[in-house]
Every structure is written in C-alpha cells, then in structure tokens.
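Colleague: Sending over model-v3.cif (mmCIF, C-alpha atoms).
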data_upload
#
loop_
_atom_site.label_atom_id
_atom_site.label_comp_id
_atom_site.auth_asym_id
_atom_site.auth_seq_id
_atom_site.Cartn_x
_atom_site.Cartn_y
_atom_site.Cartn_z
CA MET A 276 1.48 -15.23 -20.85
CA LEU A 277 -1.48 -13.58 -19.15
CA PRO A 278 -4.16 -14.68 -21.67
CA ALA A 279 -2.71 -18.20 -21.60
CA LEU A 280 -2.86 -18.30 -17.80
CA VAL A 281 -6.47 -17.07 -17.77
CA ALA A 282 -7.41 -19.67 -20.37
CA ALA A 283 -5.68 -22.42 -18.40
CA ALA A 284 -7.74 -21.50 -15.33
CA ARG A 285 -10.93 -22.43 -17.25
CA GLY A 286 -13.08 -19.71 -15.75
CA ARG A 287 -11.67 -19.91 -12.24
CA CYS A 288 -9.36 -16.88 -12.55
CA ARG A 289 -11.27 -13.92 -11.16
CA GLY A 290 -8.44 -11.49 -10.50
CA ALA A 291 -4.81 -10.69 -11.30
CA HIS A 292 -2.45 -8.86 -8.97
CA PHE A 293 0.60 -6.86 -9.98
CA GLY A 294 3.59 -7.83 -7.84
CA THR A 295 5.58 -4.60 -7.71
CA TYR A 296 8.59 -5.91 -5.86
CA ASP A 297 8.92 -9.35 -7.47
CA TYR A 298 8.66 -7.69 -10.88
CA THR A 299 11.23 -4.97 -10.22
CA ALA A 300 13.59 -7.44 -8.55
CA GLY A 301 13.33 -9.63 -11.63
CA LEU A 302 14.49 -6.66 -13.69
CA SER A 303 17.53 -6.16 -11.40
CA ILE A 304 16.19 -2.81 -10.17
CA THR A 305 17.89 -1.90 -6.90
CA ALA A 306 15.90 -1.82 -3.66
CA MET A 307 16.01 1.98 -3.41
CA HIS A 308 14.10 2.25 -6.69
CA GLN A 309 11.68 -0.65 -6.21
CA VAL A 310 8.63 1.60 -5.92
CA PRO A 311 5.18 1.52 -7.56
CA SER A 312 5.94 4.75 -9.45
CA HIS A 313 8.94 3.29 -11.31
CA PRO A 314 8.45 3.54 -15.13
CA ALA A 315 8.96 -0.23 -15.42
CA CYS A 316 5.90 -0.72 -13.24
CA ASP A 317 3.84 1.56 -15.49
CA PHE A 318 4.76 -0.63 -18.44
CA ALA A 319 3.78 -3.84 -16.63
CA ARG A 320 0.47 -2.42 -15.47
CA HIS A 321 -0.40 -1.28 -18.99
CA VAL A 322 0.45 -4.74 -20.36
CA MET A 323 -1.88 -6.26 -17.77
CA GLN A 324 -4.69 -3.91 -18.77
CA VAL A 325 -4.30 -4.66 -22.48
CA CYS A 326 -3.99 -8.42 -22.04
CA LEU A 327 -6.93 -8.74 -19.65
CA ALA A 328 -9.31 -6.22 -21.25
CA GLY A 329 -12.71 -7.78 -21.89
CA THR A 330 -11.91 -10.97 -19.97
CA GLY A 331 -13.84 -10.05 -16.81
CA VAL A 332 -10.69 -10.59 -14.76
CA ALA A 333 -10.28 -7.82 -12.17
CA ILE A 334 -6.83 -6.28 -11.80
CA SER A 335 -5.25 -5.16 -8.56
CA ASP A 336 -2.25 -2.93 -8.04
CA GLY A 337 0.66 -3.68 -5.73
CA ALA A 338 1.27 -2.65 -2.15
CA THR A 339 3.13 0.25 -0.58
CA THR A 340 5.87 -0.97 1.75
CA VAL A 341 6.43 2.33 3.55
CA MET A 342 4.43 1.80 6.73
CA PRO A 343 2.74 4.59 8.74
CA VAL A 344 4.36 3.24 11.89
CA GLY A 345 6.65 5.08 14.29
CA PRO A 346 10.10 3.70 15.05
CA HIS A 347 9.83 4.16 18.81
CA ARG A 348 7.83 2.09 21.31
CA PRO A 349 7.27 2.66 25.03
CA SER A 350 9.91 0.96 27.13
CA ALA A 351 9.16 -2.24 29.04
CA ASP A 352 9.45 -0.45 32.38
CA GLY A 353 6.73 2.05 31.39
CA ARG A 354 8.93 5.08 30.77
CA PRO A 355 7.20 7.50 28.38
CA LEU A 356 8.68 8.48 25.06
CA SER A 357 10.66 11.68 24.89
CA GLU A 358 9.33 14.63 22.95
CA THR A 359 11.92 13.96 20.23
CA GLN A 360 10.77 10.35 19.95
CA ARG A 361 7.12 11.38 19.77
CA GLN A 362 7.90 13.82 16.99
CA GLU A 363 9.86 11.17 15.09
CA ASN A 364 6.91 8.79 15.41
CA LEU A 365 4.53 11.47 14.18
CA HIS A 366 6.77 12.24 11.21
CA ALA A 367 7.00 8.54 10.30
CA VAL A 368 3.23 8.08 10.39
CA HIS A 369 2.59 11.20 8.32
CA ARG A 370 5.26 10.19 5.79
CA GLY A 371 3.80 6.70 5.51
CA TRP A 372 0.33 8.12 4.92
CA ARG A 373 1.62 10.55 2.27
CA VAL A 374 3.54 7.89 0.34
CA HIS A 375 0.57 5.50 0.43
CA PHE A 376 -1.90 8.26 -0.50
CA ASP A 377 0.20 9.19 -3.53
CA ASP A 378 0.57 5.56 -4.61
CA VAL A 379 -3.19 4.93 -4.40
CA ARG A 380 -3.97 8.10 -6.36
CA MET A 381 -1.46 7.03 -9.01
CA SER A 382 -3.19 3.64 -9.25
CA LEU A 383 -6.56 5.30 -9.73
CA ARG A 384 -5.21 7.61 -12.44
CA ASN A 385 -3.81 4.56 -14.23
CA GLY A 386 -7.14 2.71 -14.14
CA PHE A 387 -6.34 0.30 -11.29
CA TYR A 388 -9.29 0.57 -8.93
CA GLN A 389 -8.22 -2.14 -6.51
CA GLY A 390 -5.12 -2.59 -4.43
CA TRP A 391 -4.00 -4.26 -1.26
CA ASP A 392 -2.51 -2.94 1.94
CA LEU A 393 0.00 -4.38 4.38
CA ASN A 394 -0.98 -2.58 7.59
CA PRO A 395 -4.28 -1.42 9.15
CA GLY A 396 -2.67 1.99 9.49
CA GLN A 397 -2.88 2.33 5.70
CA LEU A 398 -6.69 2.25 5.70
CA PRO A 399 -7.06 5.99 6.53
CA SER A 400 -4.79 7.01 3.64
CA ARG A 401 -6.54 4.62 1.24
CA TYR A 402 -9.97 5.99 2.10
CA ALA A 403 -8.66 9.55 1.84
CA ALA A 404 -7.07 8.85 -1.55
CA VAL A 405 -10.07 7.05 -3.04
CA PHE A 406 -12.73 9.45 -1.79
CA SER A 407 -10.74 12.57 -2.72
CA PHE A 408 -10.17 11.15 -6.20
CA TYR A 409 -13.91 11.10 -6.86
CA LEU A 410 -15.02 14.10 -4.82
CA GLU A 411 -12.45 16.47 -6.35
CA ALA A 412 -13.56 15.59 -9.89
CA GLN A 413 -17.29 15.19 -9.25
CA GLN A 414 -18.49 18.64 -10.31
CA GLU A 415 -16.51 18.75 -13.55
CA ALA A 416 -17.46 15.18 -14.46
CA ALA A 417 -21.12 15.88 -13.71
CA ALA A 418 -21.14 19.01 -15.87
CA ARG A 419 -19.52 17.19 -18.79
CA LEU A 420 -21.80 14.18 -18.53
CA LYS A 421 -24.92 16.35 -18.17
CA ALA A 422 -24.01 18.37 -21.28
CA PHE A 423 -23.28 15.21 -23.21
CA VAL A 424 -26.51 13.47 -22.16
CA GLU A 425 -28.54 16.52 -23.15
CA LYS A 426 -27.03 16.45 -26.62
CA ALA A 427 -27.44 12.67 -26.65
CA ALA A 428 -26.41 11.94 -30.21
CA GLN A 429 -23.62 14.40 -30.85
CA ALA A 430 -20.32 15.38 -29.34
CA THR A 431 -20.22 18.29 -26.90
CA LEU A 432 -17.75 21.09 -26.44
CA LEU A 433 -17.77 22.22 -22.81
CA GLY A 434 -15.12 24.80 -22.14
CA SER A 435 -11.90 23.40 -23.57
CA ILE A 436 -12.83 19.71 -23.22
CA PHE A 437 -14.27 17.94 -26.26
CA ASP A 438 -16.20 14.77 -25.41
CA ASP A 439 -17.18 11.92 -27.69
CA ALA A 440 -19.09 8.70 -27.03
CA ALA A 441 -16.05 6.90 -25.68
CA THR A 442 -15.43 9.71 -23.21
CA GLY A 443 -19.11 9.54 -22.30
CA GLN A 444 -18.56 5.94 -21.26
CA GLY A 445 -15.54 7.04 -19.24
CA LEU A 446 -17.64 9.66 -17.47
CA LEU A 447 -20.33 7.08 -16.79
CA ASN A 448 -17.70 4.71 -15.43
CA PHE A 449 -16.46 7.48 -13.14
CA PHE A 450 -19.86 7.66 -11.45
CA LEU A 451 -20.35 3.90 -11.40
CA ARG A 452 -17.03 3.33 -9.65
CA GLY A 453 -17.56 6.31 -7.35
CA ILE A 454 -20.89 4.83 -6.27
CA ASN A 455 -19.38 1.38 -5.90
CA CYS A 456 -16.75 2.58 -3.42
CA GLY A 457 -19.16 4.81 -1.48
CA ALA A 458 -17.64 8.16 -2.40
CA LEU A 459 -20.63 9.12 -4.57
CA THR A 460 -24.34 8.30 -4.49
CA GLU A 461 -26.83 7.40 -7.20
CA ASP A 462 -28.41 10.82 -6.65
CA ASP A 463 -25.09 12.42 -7.61
CA ALA A 464 -25.19 10.56 -10.92
CA LEU A 465 -28.90 11.20 -11.52
CA ALA A 466 -28.22 14.95 -11.25
CA THR A 467 -26.54 14.64 -14.66
CA GLY A 468 -29.87 13.87 -16.31
CA LEU A 469 -29.51 10.10 -16.42
CA THR A 470 -32.36 7.89 -15.31
CA LEU A 471 -31.81 5.16 -12.75
CA ALA A 472 -32.34 2.51 -15.43
CA GLU A 473 -29.77 4.18 -17.69
CA LEU A 474 -27.26 4.39 -14.85
CA ARG A 475 -27.69 0.76 -13.87
CA GLY A 476 -27.52 -0.31 -17.51
CA ARG A 477 -23.84 0.73 -17.40
CA SER A 478 -23.59 1.33 -21.17
CA PHE A 479 -23.34 4.81 -22.66
CA VAL A 480 -23.86 3.50 -26.19
CA LYS A 481 -27.19 1.98 -25.13
CA ILE A 482 -28.16 5.28 -23.53
CA LEU A 483 -27.40 7.16 -26.74
CA ASN A 484 -29.21 4.63 -28.91
CA ALA A 485 -32.31 4.66 -26.70
CA ARG A 486 -32.47 8.45 -26.68
CA ARG A 487 -32.04 8.52 -30.43
CA GLY A 488 -34.74 5.89 -30.84
CA VAL A 489 -32.35 3.40 -32.43
#
Can you dump the structure from the file as structure tokens?
Modeller:
Amino acid sequence: MLPALVAAARGRCRGAHFGTYDYTAGLSITAMHQVPSHPACDFARHVMQVCLAGTGVAISDGATTVMPVGPHRPSADGRPLSETQRQENLHAVHRGWRVHFDDVRMSLRNGFYQGWDLNPGQLPSRYAAVFSFYLEAQQEAAARLKAFVEKAAQATLLGSIFDDAATGQGLLNFFLRGINCGALTEDDALATGLTLAELRGRSFVKILNARRGV
C-alpha cells in the first residue's frame, strides 16, 4: 500500500513514519513485547525501505516509550525525597536513557536516520547515540574511503574489508549524514582525498567517472 499512498498524495507526501505500537498491536503482540527491537518491527521497517526507495520520501522510526523520568516527586509540603527515592529516580533516568540510546543506535544501523521522541529528557540520549554512531566509525570509514578514492576505478582490499563502488557510495553517505547531523565536518570528509565539489555532488559513481575521465 505504501507506493499507492505516496502516489495518491500527488507529491505532497514528504515523509513516512513507522508506528511501532500500532503495528505490533495490530499483530496481537502483547504489551510486554511491543518494543522497537521486535523482529516484526524489523520486517516492517525493511518493507518501508524497499517500497519507498527512490521516491524521495523520508522515513522515520518509531518512538521509545520508556521515559527517563523518576517515579518520585517532592511532596506538596516541601519535604525532600529520601535517599532511597533519589536513587530510584536516578536508576529510572539512567535506564530510560540506556533503552532510548540502544533504540536509536538500532535505528541508525538499520538505515533509519530520523526518529521522534516523546520527552525532552530523551534529547541527551539521542544526541549521544547519533554522535557516537558517527564518531566511533569515523577513522575506519575515512581509511576505507581514502583507499578507495586513491584507487578510483578499482576495488580496494583494506585489511579484511573488500570495498566495491556500491560500498564507496555507502561510505560517502556515512560522511554526508554525519555532516548533516553535526557529528562530522566537511574537513573530516575532505581528509579522505575528496574535493569539496565531489563531496557536495553526493554521487560516488560520478566521482569515479570524473577521475577516470569518463
């Protein structure tokens, strides 16, 4: 139905959001297992990617419902929380951040680069997840892309990773999306040997063809 819905919108559909909980409820999955990491959700996300590939419609992953919010609040008469209550609040916040962090990292691994959050307290864990995703992989991605750009027209064997042109586009996309979210800079990408024009051209095939004189 997704292509039909996009067609019916006549150019007005700019994004599609995966509804984790509506979808899992529709499959009669019990509440305890209605989580973004459920295998049924992986299937639905992959269907979305296949159906919307090349349409220009952006895809967004679902939300995490575990909130980084403590269960205890100060009493109306101003009495402070007990040490046990403070520790329970701290544990709840840390757990909420961890669950959200893991969900965002899973989305990024699956090729969903947008998502939505339900509470301002989830912003720290989203930034941590997104930035760590790019910063942890930056050096390896840069080395692979640099080696591939230097060879230009042929595949490259770097360590145990064999790259082809399609992977070259994936490496280029890594830097483009890292720059777009603020985790990386254009200088980080230019250190791979790309020119600014090549980077902003966003096509690895065009880079290869230009360097080969095609």
Colleague: So that I can check the surroundings of A:Phe449, please list as a short mmCIF file (atom, residue, chain, number, x, y, z; two decimals) with C-alpha atoms, in the coordinates of the input every protein, DNA and RNA residue that reaches within 9 Å of it, counting only C-alpha atoms and ignoring chain neighbours fewer than 6 positions away.
Modeller:
data_model
loop_
_atom_site.label_atom_id
_atom_site.label_comp_id
_atom_site.auth_asym_id
_atom_site.auth_seq_id
_atom_site.Cartn_x
_atom_site.Cartn_y
_atom_site.Cartn_z
CA TYR A 409 -13.91 11.10 -6.86
CA GLN A 413 -17.29 15.19 -9.25
CA ALA A 416 -17.46 15.18 -14.46
#
Colleague: If the PyMOL selection byres ((chain A and resi 328-333) around 7) were run on this exact file, what residues would it hold? Put them as an mmCIF file with C-alpha atoms, in the coordinates of the input.
Modeller:
data_model
loop_
_atom_site.group_PDB
_atom_site.id
_atom_site.type_symbol
_atom_site.label_atom_id
_atom_site.label_comp_id
_atom_site.auth_asym_id
_atom_site.auth_seq_id
_atom_site.Cartn_x
_atom_site.Cartn_y
_atom_site.Cartn_z
ATOM 1 C CA CYS A 288 -9.360 -16.880 -12.550
ATOM 2 C CA ARG A 289 -11.270 -13.920 -11.160
ATOM 3 C CA GLY A 290 -8.440 -11.490 -10.500
ATOM 4 C CA ALA A 291 -4.810 -10.690 -11.300
ATOM 5 C CA GLN A 324 -4.690 -3.910 -18.770
ATOM 6 C CA VAL A 325 -4.300 -4.660 -22.480
ATOM 7 C CA CYS A 326 -3.990 -8.420 -22.040
ATOM 8 C CA LEU A 327 -6.930 -8.740 -19.650
ATOM 9 C CA ILE A 334 -6.830 -6.280 -11.800
ATOM 10 C CA SER A 335 -5.250 -5.160 -8.560
#
Colleague: Could you list the residues chosen by the PyMOL selection byres ((chain A and resi 336) around 7) in this structure as a compact mmCIF listing (two decimals) with C-alpha atoms, in the coordinates of the input?
Modeller:
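Just written: selection36.txt:
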# COMPACT_ATOMS: atom_id res chain seq x y z
CA HIS A 292 -2.45 -8.86 -8.97
CA PHE A 293 0.60 -6.86 -9.98
CA ILE A 334 -6.83 -6.28 -11.80
CA SER A 335 -5.25 -5.16 -8.56
CA GLY A 337 0.66 -3.68 -5.73
CA ALA A 338 1.27 -2.65 -2.15
CA SER A 382 -3.19 3.64 -9.25
CA PHE A 387 -6.34 0.30 -11.29
CA GLN A 389 -8.22 -2.14 -6.51
CA GLY A 390 -5.12 -2.59 -4.43
Colleague: Got a sec: who's within 8 Å of A:Val405, counting all atoms listed in the file, leaving out chain neighbours fewer than 2 positions off, as a PyMOL selection string?
Modeller: chain A and resi 379-380+383+401-403+407-409+458
Colleague: Find the residue from A:Ala351, A:Val341, A:Leu446, A:Met276 that sits nearest to A:His369; use only C-alpha atoms when measuring.
Modeller: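 That would be A:Val341, the residue with the smallest distance to A:His369.
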Colleague: Which of these residues is nearest to A:Arg419, using all atoms listed in the file: A:Cys456, A:Ser400, A:Ala464, A:Ala367?
Modeller: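 Residue with the minimum atom-to-atom distance to A:Arg419: A:Ala464.
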